[in-house]
Amino acid sequence: MFLLKKIMGEILSPLPLSLIFCFAGLYLLWYTRRQTRGKVLVTIGVSTLALFSFTPVADLLLKPLERSYSVLEAKAAGSAKFVVVLAGGQNSDSSVPIASRLSSDTLKRLIEGVSIWRQLPAAKLVLSGGKGFDEQAEATTMGEVLAGLGVNLGDLVSEVASNDTRNQARNVKAIVGTNEFILVTSAYHVPRATRLFRIEGLHPAVAPVGHLVKGPQWTNPGTYFPNGSALQRTERAFHEFLGLAWSLVSL
């Protein structure tokens with residue numbers, strides 16, 4: 001089921017989905033007499049790819065996810081016993097420096113988590129993330145990065161068995177119990193993560209980080225041209241909306 005979910009998530013992402021329309025249309029144009037259908041499919045594919053690559057469209061899709069929760073206030077963190085950081089991807093290639101093995105999302109979450117944790121001397125820092133398709137658990141790599149920065153490993157709790165957000169919620173529950181805790185994850189991931197944690201009966205204070213949608217730069221020419229950065233943000237939005245939908249039908 002985990003593998004099927006990942007495959008379907010990739011197929012239904014904007015780029016593969018647009019290319020499916022394009023290739024289906026090209027097949028009809030080259031190898032059949034269904035010229036009109038072929039032209040329609042190619043037009044849909046190219047148009048959707050261009051549309052999803054525009055900054056305003058990407059931001060329109062992603063902003064509702066990222067701004068669903070405000071930035072954590074200091075007073076909300078005061079009584080927390082745990083700071084939980086959810087991993088967001090890695091590639092444990094031993095030929096690159098340890099910090100380079102973590103995705104940019106994971107690094108941002110980790111930095112924010114440590115920053116909050118240092119303000120709470122009595123709290124434990126929980127690193128959550130299993131192997132997924134990698135050779136080493138994400139939480140293990142995160143711990144190695146922190147060890148290199150001088151963080152005492154005795155202050156860390158590593159959850160290395162989860163392979164998705166739902167399992168992270170279940171496994172974190174076994175660690176934090178009924179204690180108050182802060183959940184650190186990417187801003188776009190907050191709605192899905194909080195929903196899955198609430199299903200487990202947990203109600204964390206949320207610390208969104210790594211916001212991708214910021215104030216518009218209308219004087220920047222790049223805003224008016226399709227670009228890879230915008231397409232990537234659209235893909236993040238699609239991934240999260242699909243994840244939210246999956247959480248509704250797979251309970």
# chains A, B, ... in the order shown; residues from 1 in each chain; ligands from 1

$ residues_around --residues "Tyr69 (chain A)" --least-positions-apart "4" --cutoff "8 Å" --atoms "only C-alpha atoms" --output "ChimeraX atom specification"
/A:187,190,206,208

$ select_by_dssp --residues "region 152-227 of chain A" --states "alpha helix (DSSP H)" --output "ChimeraX atom specification"
/A:165-176,190-199

$ residues_around --residues "Val42 (chain A)" --least-positions-apart "3" --cutoff "12 Å" --atoms "only C-alpha atoms" --output "PyMOL selection string"
chain A and resi 17-29+35-39+45-49

$ write_last_selection --atoms "C-alpha atoms" --output "PDB file, in the first residue's frame"
ATOM      1  CA  LEU A  17       0.110  14.315 -15.542  1.00  0.00           C
ATOM      2  CA  SER A  18       0.705  16.990 -18.183  1.00  0.00           C
ATOM      3  CA  LEU A  19       3.137  14.740 -20.055  1.00  0.00           C
ATOM      4  CA  ILE A  20       0.623  11.884 -20.040  1.00  0.00           C
ATOM      5  CA  PHE A  21      -1.843  14.122 -21.866  1.00  0.00           C
ATOM      6  CA  CYS A  22       0.873  15.241 -24.309  1.00  0.00           C
ATOM      7  CA  PHE A  23       2.124  11.741 -25.140  1.00  0.00           C
ATOM      8  CA  ALA A  24      -1.406  10.356 -25.423  1.00  0.00           C
ATOM      9  CA  GLY A  25      -2.224  13.145 -27.856  1.00  0.00           C
ATOM     10  CA  LEU A  26       0.955  12.598 -29.866  1.00  0.00           C
ATOM     11  CA  TYR A  27       0.173   8.909 -30.124  1.00  0.00           C
ATOM     12  CA  LEU A  28      -3.252   9.686 -31.577  1.00  0.00           C
ATOM     13  CA  LEU A  29      -1.768  12.231 -33.982  1.00  0.00           C
ATOM     14  CA  GLN A  35      -6.552  13.918 -35.137  1.00  0.00           C
ATOM     15  CA  THR A  36      -8.995  16.145 -33.287  1.00  0.00           C
ATOM     16  CA  ARG A  37      -8.722  14.125 -30.075  1.00  0.00           C
ATOM     17  CA  GLY A  38      -4.970  14.134 -30.390  1.00  0.00           C
ATOM     18  CA  LYS A  39      -4.834  17.893 -30.781  1.00  0.00           C
ATOM     19  CA  GLY A  45      -1.061  18.833 -21.681  1.00  0.00           C
ATOM     20  CA  VAL A  46       0.930  21.857 -22.829  1.00  0.00           C
ATOM     21  CA  SER A  47      -1.552  24.339 -21.370  1.00  0.00           C
ATOM     22  CA  THR A  48      -1.659  22.713 -17.929  1.00  0.00           C
ATOM     23  CA  LEU A  49       2.123  22.428 -17.803  1.00  0.00           C
TER      24      LEU A  49
END

$ select_by_dssp --residues "region 85-226 of chain A" --states "strand (DSSP E or B)" --output "VMD selection string"
chain A and resid 85 to 86 90 102 124 to 128 156 to 159 181 to 186 205 to 209

$ residues_around --residues "region 228-231 of chain A" --least-positions-apart "2" --cutoff "8 Å" --atoms "only C-alpha atoms" --output "list in words"
Pro14, Leu15, Phe52, Ser53, Phe54, Thr55, Ala58, Asp59, Pro226, Arg233, Thr234 and Glu235 of chain A

$ residues_around --residues "Leu196 (chain A)" --least-positions-apart "5" --cutoff "12 Å" --atoms "only C-alpha atoms" --output "PyMOL selection string"
chain A and resi 164-173+189-191+201-204+243-248+250-251

$ write_last_selection --atoms "C-alpha atoms" --output "PDB file, in the first residue's frame"
ATOM      1  CA  ASP A 164       5.072   8.315   6.210  1.00  0.00           C
ATOM      2  CA  THR A 165       3.316  11.030   8.202  1.00  0.00           C
ATOM      3  CA  ARG A 166       0.601   8.723   9.489  1.00  0.00           C
ATOM      4  CA  ASN A 167       3.162   6.345  10.983  1.00  0.00           C
ATOM      5  CA  GLN A 168       5.077   9.297  12.393  1.00  0.00           C
ATOM      6  CA  ALA A 169       1.949  10.377  14.258  1.00  0.00           C
ATOM      7  CA  ARG A 170       1.412   6.903  15.671  1.00  0.00           C
ATOM      8  CA  ASN A 171       5.025   6.424  16.706  1.00  0.00           C
ATOM      9  CA  VAL A 172       5.384   9.907  18.171  1.00  0.00           C
ATOM     10  CA  LYS A 173       2.293   9.264  20.300  1.00  0.00           C
ATOM     11  CA  HIS A 189       2.788  20.113   5.315  1.00  0.00           C
ATOM     12  CA  VAL A 190       1.112  21.457   8.472  1.00  0.00           C
ATOM     13  CA  PRO A 191      -2.569  20.842   7.543  1.00  0.00           C
ATOM     14  CA  GLY A 201      -5.662  12.034  19.751  1.00  0.00           C
ATOM     15  CA  LEU A 202      -2.707  14.439  19.804  1.00  0.00           C
ATOM     16  CA  HIS A 203      -3.050  18.223  19.787  1.00  0.00           C
ATOM     17  CA  PRO A 204       0.402  19.764  19.394  1.00  0.00           C
ATOM     18  CA  GLY A 243      -2.277  13.384   0.917  1.00  0.00           C
ATOM     19  CA  LEU A 244      -5.206  15.094   2.623  1.00  0.00           C
ATOM     20  CA  ALA A 245      -7.625  13.260   0.345  1.00  0.00           C
ATOM     21  CA  TRP A 246      -5.891   9.954   1.084  1.00  0.00           C
ATOM     22  CA  SER A 247      -6.163  10.598   4.829  1.00  0.00           C
ATOM     23  CA  LEU A 248      -9.941  10.951   4.413  1.00  0.00           C
ATOM     24  CA  SER A 250      -7.970   5.404   4.126  1.00  0.00           C
ATOM     25  CA  LEU A 251      -8.983   5.581   7.784  1.00  0.00           C
TER      26      LEU A 251
END

$ atom_distance --atom1 "CA of Ser70 (chain A)" --atom2 "CA of Ser128 (chain A)"
22.5 Å

$ closest_atom_pairs --of "region 134-249 of chain A" --to "region 9-13 of chain A" --cutoff "8 Å" --atoms "only C-alpha atoms" --output "tab-separated table"
residue	atom	partner	partner_atom	distance
A:Glu235	CA	A:Ser13	CA	5.8
A:Phe238	CA	A:Ser13	CA	6.3
A:His239	CA	A:Gly9	CA	6.6
A:Leu242	CA	A:Gly9	CA	7.1

$ write_last_selection --atoms "N, CA and C atoms" --output "mmCIF file, in the first residue's frame"
data_model
loop_
_atom_site.group_PDB
_atom_site.id
_atom_site.type_symbol
_atom_site.label_atom_id
_atom_site.label_comp_id
_atom_site.auth_asym_id
_atom_site.auth_seq_id
_atom_site.Cartn_x
_atom_site.Cartn_y
_atom_site.Cartn_z
ATOM 1 N N GLU A 235 3.755 21.323 -7.480
ATOM 2 C CA GLU A 235 3.853 19.898 -7.166
ATOM 3 C C GLU A 235 3.721 19.662 -5.661
ATOM 4 N N PHE A 238 0.003 19.920 -4.924
ATOM 5 C CA PHE A 238 -0.698 18.716 -5.368
ATOM 6 C C PHE A 238 -0.440 17.565 -4.405
ATOM 7 N N HIS A 239 0.810 17.400 -4.011
ATOM 8 C CA HIS A 239 1.178 16.309 -3.109
ATOM 9 C C HIS A 239 0.409 16.395 -1.798
ATOM 10 N N LEU A 242 -3.413 15.742 -2.338
ATOM 11 C CA LEU A 242 -3.620 14.307 -2.516
ATOM 12 C C LEU A 242 -3.460 13.571 -1.182
#

$ residues_around --residues "region 143-158 of chain A" --least-positions-apart "2" --cutoff "9 Å" --atoms "only C-alpha atoms" --output "list in words"
Ile98, Ala99, Leu110, Val114, Ala123, Lys124, Leu125, Val126, Leu127, Ser128, Gly129, Glu138, Ala139, Thr140, Thr141, Val160 and Ile175 of chain A

$ write_last_selection --atoms "N, CA and C atoms" --output "PDB file, in the first residue's frame"
ATOM      1  N   ILE A  98      27.656  15.333   5.345  1.00  0.00           N
ATOM      2  CA  ILE A  98      26.494  14.830   6.068  1.00  0.00           C
ATOM      3  C   ILE A  98      25.291  15.756   5.943  1.00  0.00           C
ATOM      4  N   ALA A  99      25.503  17.070   6.026  1.00  0.00           N
ATOM      5  CA  ALA A  99      24.380  18.005   5.946  1.00  0.00           C
ATOM      6  C   ALA A  99      23.756  18.011   4.557  1.00  0.00           C
ATOM      7  N   LEU A 110      14.834  21.003  10.890  1.00  0.00           N
ATOM      8  CA  LEU A 110      15.790  20.683  11.938  1.00  0.00           C
ATOM      9  C   LEU A 110      16.315  21.944  12.607  1.00  0.00           C
ATOM     10  N   VAL A 114      15.649  22.841  16.571  1.00  0.00           N
ATOM     11  CA  VAL A 114      16.727  23.066  17.542  1.00  0.00           C
ATOM     12  C   VAL A 114      16.601  24.453  18.161  1.00  0.00           C
ATOM     13  N   ALA A 123      12.886  20.303  27.922  1.00  0.00           N
ATOM     14  CA  ALA A 123      12.241  19.515  26.861  1.00  0.00           C
ATOM     15  C   ALA A 123      13.226  18.576  26.176  1.00  0.00           C
ATOM     16  N   LYS A 124      12.681  17.515  25.611  1.00  0.00           N
ATOM     17  CA  LYS A 124      13.442  16.587  24.784  1.00  0.00           C
ATOM     18  C   LYS A 124      13.193  16.894  23.307  1.00  0.00           C
ATOM     19  N   LEU A 125      14.208  16.682  22.491  1.00  0.00           N
ATOM     20  CA  LEU A 125      14.082  16.889  21.049  1.00  0.00           C
ATOM     21  C   LEU A 125      13.869  15.537  20.380  1.00  0.00           C
ATOM     22  N   VAL A 126      12.720  15.377  19.739  1.00  0.00           N
ATOM     23  CA  VAL A 126      12.367  14.121  19.079  1.00  0.00           C
ATOM     24  C   VAL A 126      12.565  14.264  17.576  1.00  0.00           C
ATOM     25  N   LEU A 127      13.364  13.391  16.994  1.00  0.00           N
ATOM     26  CA  LEU A 127      13.607  13.369  15.555  1.00  0.00           C
ATOM     27  C   LEU A 127      12.860  12.183  14.965  1.00  0.00           C
ATOM     28  N   SER A 128      11.942  12.453  14.030  1.00  0.00           N
ATOM     29  CA  SER A 128      11.072  11.392  13.526  1.00  0.00           C
ATOM     30  C   SER A 128      11.252  11.199  12.029  1.00  0.00           C
ATOM     31  N   GLY A 129      11.624   9.990  11.637  1.00  0.00           N
ATOM     32  CA  GLY A 129      11.768   9.668  10.219  1.00  0.00           C
ATOM     33  C   GLY A 129      12.480   8.352  10.016  1.00  0.00           C
ATOM     34  N   GLU A 138      16.071   8.569   8.329  1.00  0.00           N
ATOM     35  CA  GLU A 138      16.252  10.015   8.293  1.00  0.00           C
ATOM     36  C   GLU A 138      16.574  10.573   9.678  1.00  0.00           C
ATOM     37  N   ALA A 139      15.913  10.038  10.695  1.00  0.00           N
ATOM     38  CA  ALA A 139      16.167  10.514  12.056  1.00  0.00           C
ATOM     39  C   ALA A 139      17.619  10.277  12.461  1.00  0.00           C
ATOM     40  N   THR A 140      18.200   9.182  11.985  1.00  0.00           N
ATOM     41  CA  THR A 140      19.603   8.884  12.288  1.00  0.00           C
ATOM     42  C   THR A 140      20.523   9.925  11.661  1.00  0.00           C
ATOM     43  N   THR A 141      20.256  10.264  10.396  1.00  0.00           N
ATOM     44  CA  THR A 141      21.066  11.277   9.722  1.00  0.00           C
ATOM     45  C   THR A 141      20.912  12.637  10.397  1.00  0.00           C
ATOM     46  N   VAL A 160      12.749   5.961  14.370  1.00  0.00           N
ATOM     47  CA  VAL A 160      13.328   5.560  13.086  1.00  0.00           C
ATOM     48  C   VAL A 160      12.485   4.534  12.332  1.00  0.00           C
ATOM     49  N   ILE A 175       5.836   8.031  22.163  1.00  0.00           N
ATOM     50  CA  ILE A 175       6.954   8.717  22.834  1.00  0.00           C
ATOM     51  C   ILE A 175       6.462   9.827  23.753  1.00  0.00           C
TER      52      ILE A 175
END

$ residues_around --residues "Pro56 (chain A)" --least-positions-apart "4" --cutoff "9 Å" --atoms "only C-alpha atoms" --output "VMD selection string"
chain A and resid 60 to 61 216 223 to 224 230

$ write_last_selection --atoms "C-alpha atoms" --output "short mmCIF file (atom, residue, chain, number, x, y, z; two decimals), in the first residue's frame"
data_model
loop_
_atom_site.label_atom_id
_atom_site.label_comp_id
_atom_site.auth_asym_id
_atom_site.auth_seq_id
_atom_site.Cartn_x
_atom_site.Cartn_y
_atom_site.Cartn_z
CA LEU A 60 -2.53 30.52 -5.24
CA LEU A 61 -2.53 26.75 -4.72
CA PRO A 216 4.74 39.00 -4.43
CA THR A 223 6.95 36.37 -12.03
CA TYR A 224 5.47 36.60 -15.52
CA ALA A 230 6.84 27.65 -9.56
#
